[in-house]
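Coordinates from data05.csv are shown below (CSV, C-alpha atoms).
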chain,number,residue,atom,x,y,z
A,1,MET,CA,36.9,52.8,-20.5
A,2,ARG,CA,34.3,50.2,-20.7
A,3,CYS,CA,33.8,47.8,-17.8
A,4,VAL,CA,32.3,44.3,-18.3
A,5,CYS,CA,30.9,42.9,-15.1
A,6,PHE,CA,29.9,39.3,-14.4
A,7,PHE,CA,27.3,38.3,-11.9
A,8,THR,CA,26.8,34.9,-10.3
A,9,VAL,CA,23.1,34.2,-9.6
A,10,LEU,CA,22.6,31.9,-6.6
A,11,GLN,CA,19.5,29.8,-6.9
A,12,GLY,CA,17.0,30.2,-4.0
A,13,ILE,CA,16.5,27.1,-1.8
A,14,ASP,CA,12.8,27.2,-2.7
A,15,GLU,CA,13.8,26.2,-6.3
A,16,TRP,CA,14.8,22.8,-4.9
A,17,THR,CA,11.7,20.9,-3.9
A,18,VAL,CA,10.5,17.5,-2.7
A,19,THR,CA,6.7,16.8,-2.6
A,20,TYR,CA,5.4,13.7,-0.9
A,21,SER,CA,2.0,12.3,-2.0
A,22,PRO,CA,0.4,11.5,0.3
A,23,SER,CA,2.2,12.9,3.3
A,24,ASN,CA,0.6,10.5,5.8
A,25,VAL,CA,0.3,6.8,5.2
A,26,CYS,CA,-1.3,4.1,7.4
A,27,ALA,CA,-0.6,0.4,6.6
A,28,LEU,CA,-1.1,-3.0,8.2
A,29,ARG,CA,1.6,-5.0,9.8
A,30,LYS,CA,3.1,-7.7,7.5
A,31,SER,CA,1.9,-5.8,4.4
A,32,THR,CA,3.8,-3.9,1.7
A,33,VAL,CA,3.7,-0.2,1.4
A,34,ASP,CA,4.9,2.3,-1.3
A,35,LEU,CA,6.0,5.9,-0.3
A,36,SER,CA,6.3,8.2,-3.2
A,37,CYS,CA,7.6,11.6,-4.0
A,38,THR,CA,8.5,14.0,-6.8
A,39,HIS,CA,11.6,16.2,-6.8
A,40,GLU,CA,12.5,19.3,-8.8
A,41,TYR,CA,15.6,21.5,-9.2
A,42,PRO,CA,16.9,24.2,-11.6
A,43,ASP,CA,18.2,23.0,-14.9
A,44,ASN,CA,21.8,24.2,-15.2
A,45,VAL,CA,23.0,23.6,-18.8
A,46,GLN,CA,26.6,23.9,-17.7
A,47,TYR,CA,26.2,20.6,-15.9
A,48,ARG,CA,24.5,18.4,-18.4
A,49,PRO,CA,24.1,15.5,-18.6
A,50,ASN,CA,22.4,15.5,-15.2
A,51,THR,CA,23.6,12.9,-12.7
A,52,VAL,CA,21.3,12.3,-9.8
A,53,HIS,CA,21.8,10.1,-6.7
A,54,THR,CA,18.8,9.3,-4.5
A,55,LEU,CA,18.2,7.8,-1.1
A,56,TRP,CA,15.5,7.5,1.5
A,57,PHE,CA,16.3,7.6,5.2
A,58,THR,CA,14.9,7.8,8.8
A,59,LYS,CA,18.2,8.1,10.7
A,60,VAL,CA,21.2,10.4,10.6
A,61,SER,CA,24.8,9.3,11.6
A,62,ASN,CA,27.6,11.8,11.8
A,63,ASP,CA,25.4,14.5,10.2
A,64,GLN,CA,24.8,12.2,7.2
A,65,PRO,CA,21.5,10.4,6.3
A,66,VAL,CA,21.7,6.6,6.6
A,67,ASP,CA,20.5,5.1,3.3
A,68,LEU,CA,17.7,2.6,4.1
A,69,ARG,CA,19.3,0.1,1.7
A,70,GLY,CA,22.2,-0.1,4.2
A,71,ASP,CA,20.2,0.1,7.4
A,72,ALA,CA,20.2,-3.2,9.2
A,73,ASP,CA,16.7,-2.8,10.4
A,74,TYR,CA,15.4,-2.9,6.8
A,75,THR,CA,17.7,-5.6,5.4
A,76,GLY,CA,16.0,-7.4,2.5
A,77,ARG,CA,12.8,-5.4,2.9
A,78,VAL,CA,13.3,-2.2,1.0
A,79,GLY,CA,13.8,-1.2,-2.6
A,80,TYR,CA,13.7,2.0,-4.7
A,81,SER,CA,12.0,2.7,-8.0
A,82,CYS,CA,13.1,6.0,-9.4
A,83,GLY,CA,12.1,7.4,-12.8
A,84,GLU,CA,14.4,9.1,-15.3
A,85,VAL,CA,15.0,12.8,-14.6
A,86,ARG,CA,13.5,15.0,-17.3
A,87,CYS,CA,14.3,18.7,-17.9
A,88,THR,CA,11.8,21.0,-19.5
A,89,GLY,CA,12.3,24.8,-19.7
A,90,SER,CA,14.4,25.7,-16.7
A,91,ARG,CA,13.3,22.9,-14.4
A,92,CYS,CA,14.3,19.3,-13.9
A,93,HIS,CA,11.8,16.8,-12.6
A,94,GLY,CA,12.1,13.3,-11.2
A,95,THR,CA,10.0,10.7,-9.2
A,96,CYS,CA,11.1,8.1,-6.7
A,97,THR,CA,9.1,5.5,-4.8
A,98,LEU,CA,10.3,3.6,-1.7
A,99,ARG,CA,8.8,0.1,-1.2
A,100,ILE,CA,8.9,-1.5,2.2
A,101,LYS,CA,7.9,-5.2,2.5
A,102,ASP,CA,6.8,-7.3,5.6
A,103,LEU,CA,6.0,-4.2,7.6
A,104,ARG,CA,6.7,-4.1,11.3
A,105,GLU,CA,5.2,-1.8,13.9
A,106,SER,CA,8.7,-0.5,14.5
A,107,ASP,CA,8.7,0.8,10.9
A,108,SER,CA,6.3,3.6,12.1
A,109,ASP,CA,8.5,6.7,11.5
A,110,VAL,CA,9.0,9.8,9.4
A,111,TYR,CA,10.7,8.9,6.0
A,112,LYS,CA,12.6,11.6,4.1
A,113,PHE,CA,14.0,11.7,0.6
A,114,ARG,CA,17.3,13.2,-0.3
A,115,PHE,CA,18.8,13.7,-3.8
A,116,THR,CA,22.2,14.8,-4.9
A,117,THR,CA,23.0,16.3,-8.4
A,118,ASN,CA,26.3,17.1,-10.1
A,119,GLN,CA,25.5,20.9,-9.8
A,120,PRO,CA,27.3,23.0,-7.2
A,121,ARG,CA,25.8,22.7,-3.8
A,122,GLY,CA,23.4,20.3,-5.5
A,123,GLU,CA,22.1,18.4,-2.4
A,124,TYR,CA,18.6,18.6,-1.1
A,125,THR,CA,16.5,16.9,1.6
A,126,GLY,CA,12.7,17.1,1.5
A,127,ASP,CA,11.2,18.2,4.8
A,128,PRO,CA,9.1,17.4,6.7
A,129,GLY,CA,8.9,14.0,5.1
A,130,VAL,CA,6.2,11.4,4.9
A,131,THR,CA,4.8,9.9,8.1
A,132,LEU,CA,4.2,6.1,8.1
A,133,SER,CA,2.0,4.5,10.7
A,134,VAL,CA,2.0,0.7,10.9
A,135,THR,CA,-1.0,-0.8,12.7
A,136,ASP,CA,-2.4,-4.1,13.8
A,137,LEU,CA,-6.1,-5.1,13.8
A,138,GLN,CA,-8.2,-5.6,16.9
A,139,VAL,CA,-11.8,-6.4,17.5
A,140,LYS,CA,-13.6,-3.7,19.7
A,141,VAL,CA,-16.8,-4.6,21.4
A,142,SER,CA,-19.7,-2.3,22.2
A,143,PHE,CA,-23.3,-2.9,23.3
A,144,PRO,CA,-26.6,-1.3,22.0
A,145,ASP,CA,-28.6,1.3,23.9
A,146,PRO,CA,-31.0,0.2,25.3
A,147,PRO,CA,-29.0,-2.9,26.2
A,148,ASP,CA,-29.7,-6.2,24.6
A,149,PRO,CA,-28.0,-9.3,26.2
A,150,THR,CA,-28.2,-11.2,23.0
A,151,ARG,CA,-26.4,-8.7,20.8
A,152,ALA,CA,-23.0,-6.9,20.7
A,153,GLU,CA,-21.5,-4.8,18.0
A,154,LEU,CA,-18.0,-5.8,16.9
A,155,GLU,CA,-15.7,-3.3,15.1
A,156,CYS,CA,-12.6,-4.3,13.1
A,157,HIS,CA,-10.4,-1.6,14.5
A,158,SER,CA,-7.0,-0.2,13.5
A,159,ARG,CA,-5.1,2.7,15.3
A,160,CYS,CA,-5.1,4.8,12.1
A,161,GLY,CA,-7.4,5.0,9.1
A,162,LEU,CA,-6.6,2.6,6.3
A,163,ALA,CA,-6.7,4.1,2.9
A,164,GLY,CA,-9.4,3.3,0.4
A,165,ASP,CA,-12.0,1.9,2.9
A,166,PRO,CA,-10.9,-1.7,2.2
A,167,PRO,CA,-13.4,-4.6,2.5
A,168,TYR,CA,-13.2,-6.6,5.7
A,169,ILE,CA,-13.6,-10.3,6.4
A,170,TRP,CA,-15.1,-11.7,9.6
A,171,PHE,CA,-14.5,-15.1,11.0
A,172,ARG,CA,-16.6,-17.0,13.6
A,173,ASN,CA,-14.9,-20.1,15.2
A,174,GLY,CA,-12.5,-20.0,12.3
A,175,GLN,CA,-15.2,-20.0,9.6
A,176,ASN,CA,-15.5,-17.2,7.1
A,177,LEU,CA,-18.7,-15.2,7.5
A,178,ARG,CA,-18.1,-13.4,4.1
A,179,HIS,CA,-19.0,-10.0,5.6
A,180,GLY,CA,-17.6,-7.0,3.8
A,181,GLU,CA,-18.3,-4.3,6.4
A,182,LYS,CA,-16.1,-2.9,9.2
A,183,ASN,CA,-18.8,-3.6,11.8
A,184,LEU,CA,-20.5,-6.8,12.6
A,185,VAL,CA,-23.5,-7.3,14.9
A,186,GLN,CA,-22.8,-10.4,17.0
A,187,PRO,CA,-25.6,-13.0,16.9
A,188,ARG,CA,-27.3,-14.6,20.0
A,189,SER,CA,-24.9,-17.5,20.1
A,190,GLY,CA,-21.4,-17.3,21.6
A,191,GLY,CA,-18.2,-18.2,19.9
A,192,SER,CA,-14.8,-16.7,19.0
A,193,TYR,CA,-14.5,-13.9,16.5
A,194,SER,CA,-11.7,-12.3,14.5
A,195,CYS,CA,-11.4,-10.0,11.5
A,196,ALA,CA,-9.0,-9.4,8.6
A,197,VAL,CA,-8.7,-7.0,5.7
A,198,GLU,CA,-9.2,-8.5,2.3
A,199,GLY,CA,-6.0,-9.0,0.4
A,200,HIS,CA,-3.7,-8.9,3.5
A,201,ASN,CA,-2.2,-11.8,5.3
A,202,LEU,CA,-3.1,-10.5,8.8
A,203,SER,CA,-6.0,-11.1,11.1
A,204,SER,CA,-6.9,-9.8,14.5
A,205,PRO,CA,-6.5,-11.7,17.7
A,206,LEU,CA,-9.6,-13.6,18.8
A,207,VAL,CA,-12.4,-12.2,20.9
A,208,CYS,CA,-14.6,-14.7,22.6
A,209,LYS,CA,-18.0,-14.1,24.0
A,210,TYR,CA,-17.0,-16.2,27.0
A,211,ALA,CA,-13.7,-17.5,28.3
A,212,PRO,CA,-12.9,-20.9,26.8
A,213,GLN,CA,-11.9,-22.5,30.1
A,214,TYR,CA,-15.2,-21.5,31.7
A,215,THR,CA,-17.6,-22.5,28.9
A,216,ASP,CA,-19.1,-25.4,30.9
A,217,MET,CA,-19.2,-23.5,34.2
A,218,ILE,CA,-20.9,-20.2,33.5
A,219,PRO,CA,-23.8,-19.2,31.3
A,220,ASP,CA,-23.2,-16.8,28.4
A,221,VAL,CA,-25.5,-14.2,29.9
A,222,ILE,CA,-26.4,-14.1,33.6
A,223,TYR,CA,-29.4,-12.2,35.0
A,224,LEU,CA,-28.4,-11.3,38.6
A,225,LEU,CA,-29.8,-8.6,40.9
A,226,GLY,CA,-31.5,-6.8,38.1
A,227,LYS,CA,-28.4,-6.5,35.9
A,228,ILE,CA,-27.0,-8.3,32.9
A,229,THR,CA,-23.4,-9.6,32.9
A,230,VAL,CA,-21.7,-10.4,29.6
A,231,TYR,CA,-18.4,-12.2,29.6
A,232,MET,CA,-15.9,-11.3,26.8
A,233,TYR,CA,-12.4,-12.8,26.5
A,234,TYR,CA,-9.7,-10.9,24.7
A,235,GLU,CA,-6.9,-13.1,23.4
A,236,TRP,CA,-4.3,-10.4,22.8
A,237,THR,CA,-4.4,-9.3,26.4
A,238,LYS,CA,-5.4,-12.7,28.0
A,239,GLN,CA,-8.2,-10.9,29.9
A,240,LEU,CA,-11.7,-12.0,30.9
A,241,VAL,CA,-13.8,-8.8,31.0
A,242,PHE,CA,-17.1,-8.5,32.7
A,243,TYR,CA,-19.5,-6.0,31.1
A,244,ILE,CA,-22.3,-5.0,33.6
A,245,ILE,CA,-25.3,-3.7,31.8
A,246,ASN,CA,-28.3,-2.2,33.6
A,247,LYS,CA,-31.4,-4.3,32.9
A,248,MET,CA,-34.2,-2.2,31.3
For the file at hand, write its structure as structure tokens.
Amino acid sequence: MRCVCFFTVLQGIDEWTVTYSPSNVCALRKSTVDLSCTHEYPDNVQYRPNTVHTLWFTKVSNDQPVDLRGDADYTGRVGYSCGEVRCTGSRCHGTCTLRIKDLRESDSDVYKFRFTTNQPRGEYTGDPGVTLSVTDLQVKVSFPDPPDPTRAELECHSRCGLAGDPPYIWFRNGQNLRHGEKNLVQPRSGGSYSCAVEGHNLSSPLVCKYAPQYTDMIPDVIYLLGKITVYMYYEWTKQLVFYIINKM
């Protein structure tokens, strides 16, 4: 008696993949960002043509991911661009890009991609996801060593590194200095300074070398008891900061 046996081969979970490129993204507030991934899964000829449903999410409700297109926090600001799935050999491949416009700092989160096919148990979520950090710009102030009361170094600072080392724009009293570097050595004169990244509609809060309300009452630099006092006013914190530098 001849016995014919049939075996069902279960595909390993490692055959379903999502790859994010890059896996960490830093972007400026108010800008637009693209988060991209590729996904792969086994080609099962019994279920052709392939049907694939895709979504991006940050939240889960009732054990189900919340599609960003239906998330009230992203209304009117998100869109998907997903390429056609192609199958070669025993694998199927696809790409999908999430675009978020008018970024807010609250958009800083981990974004994950999930796709569903018409194959049995054909759902897969890509972990660990892509981390998005949304940052503002600020002007940081430092002084040279040895100290020089006529100079200060300004840095156009963000809380995470922006991709591509973009060109920076500096403004003094609202006028464009046309400076392409991240750092700027402040000249002898006072004034208010801010910075921006070229191509983005966002600038830092002002930093003033003296508090505006005191410009007629105190000198820019005071020599007192062998020390140098420099006044800097930070608009975003509304603080007047006194830097005390030992006189050389």
Using only C-alpha atoms, I'd like a table of the residues in range 73-187 of chain A that come within 12 Å of range 39-62 of chain A; for each, show the closest atom pair and its distance in Å rounded to one decimal, ordered by chain and ascending number, as a tab-separated table.
residue	atom	partner	partner_atom	distance
A:Asp73	CA	A:Thr58	CA	10.9
A:Tyr74	CA	A:Phe57	CA	10.7
A:Val78	CA	A:Trp56	CA	10.0
A:Gly79	CA	A:Trp56	CA	9.8
A:Tyr80	CA	A:Leu55	CA	8.2
A:Ser81	CA	A:Thr54	CA	10.1
A:Cys82	CA	A:Thr54	CA	8.2
A:Gly83	CA	A:His39	CA	10.7
A:Glu84	CA	A:Val52	CA	9.4
A:Val85	CA	A:Asn50	CA	7.9
A:Arg86	CA	A:Asn50	CA	9.2
A:Cys87	CA	A:Asp43	CA	6.5
A:Thr88	CA	A:Asp43	CA	8.1
A:Gly89	CA	A:Asp43	CA	7.8
A:Ser90	CA	A:Asp43	CA	5.0
A:Arg91	CA	A:Pro42	CA	4.7
A:Cys92	CA	A:Tyr41	CA	5.3
A:His93	CA	A:Glu40	CA	4.6
A:Gly94	CA	A:His39	CA	5.3
A:Thr95	CA	A:His39	CA	6.2
A:Cys96	CA	A:Thr54	CA	8.1
A:Thr97	CA	A:Trp56	CA	9.2
A:Leu98	CA	A:Trp56	CA	7.2
A:Arg99	CA	A:Trp56	CA	10.3
A:Ile100	CA	A:Trp56	CA	11.2
A:Ser106	CA	A:Thr58	CA	11.8
A:Asp107	CA	A:Thr58	CA	9.6
A:Ser108	CA	A:Thr58	CA	10.1
A:Asp109	CA	A:Thr58	CA	7.0
A:Val110	CA	A:Thr58	CA	6.3
A:Tyr111	CA	A:Thr58	CA	5.2
A:Lys112	CA	A:Phe57	CA	5.6
A:Phe113	CA	A:Trp56	CA	4.5
A:Arg114	CA	A:Leu55	CA	5.5
A:Phe115	CA	A:Thr54	CA	4.5
A:Thr116	CA	A:His53	CA	5.0
A:Thr117	CA	A:Val52	CA	4.6
A:Asn118	CA	A:Thr51	CA	5.6
A:Gln119	CA	A:Tyr47	CA	6.1
A:Pro120	CA	A:Tyr47	CA	9.1
A:Arg121	CA	A:Tyr41	CA	11.6
A:Gly122	CA	A:Tyr41	CA	8.7
A:Glu123	CA	A:His53	CA	9.4
A:Tyr124	CA	A:Tyr41	CA	9.1
A:Thr125	CA	A:Trp56	CA	9.5
A:Gly126	CA	A:His39	CA	8.4
A:Asp127	CA	A:Thr58	CA	11.7
A:Pro128	CA	A:Thr58	CA	11.4
A:Gly129	CA	A:Thr58	CA	9.4
A:Val130	CA	A:Thr58	CA	10.2
A:Thr131	CA	A:Thr58	CA	10.3
A:Leu132	CA	A:Thr58	CA	10.9
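Going from CA of Val134 in chain A over to CA of Pro205 in chain A, you cover 16.5 Å.
For His179 in chain A, the set of protein, DNA and RNA residues having any atom at most 9 Å away, when counting only C-alpha atoms and skipping those fewer than 2 positions along the same chain, is Pro167, Tyr168, Ile169, Trp170, Phe171, Asn176, Leu177, Glu181, Lys182, Asn183 and Leu184 of chain A.
When the distance limit is 8 Å and all atoms listed in the file are what count, the residues near His200 in chain A, minus those fewer than 3 positions from it on the same chain, are Leu28, Lys30, Ser31, Ala196 and Val197 of chain A.
Between CA of Asp102 in chain A and CA of Thr32 in chain A lies a distance of 6.0 Å.
Of note, CA of Ser36 in chain A and CA of His157 in chain A are spaced 26.2 Å apart.
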TODO: Rank A:Ser194, A:Ser23, A:Asn173, A:Gln64 by their smallest atom-to-atom distance to Val139 in chain A, using only C-alpha atoms, and report the top residue only.
DONE: A:Ser194
Could you put an axis-aligned box around every listed atom of range 170-188 of chain A, padded by 3 Å on each side, and send me its centre and edge lengths in Å to one decimal, as JSON?
{"center_x": -19.9, "center_y": -11.5, "center_z": 11.9, "size_x": 20.8, "size_y": 23.2, "size_z": 22.2}
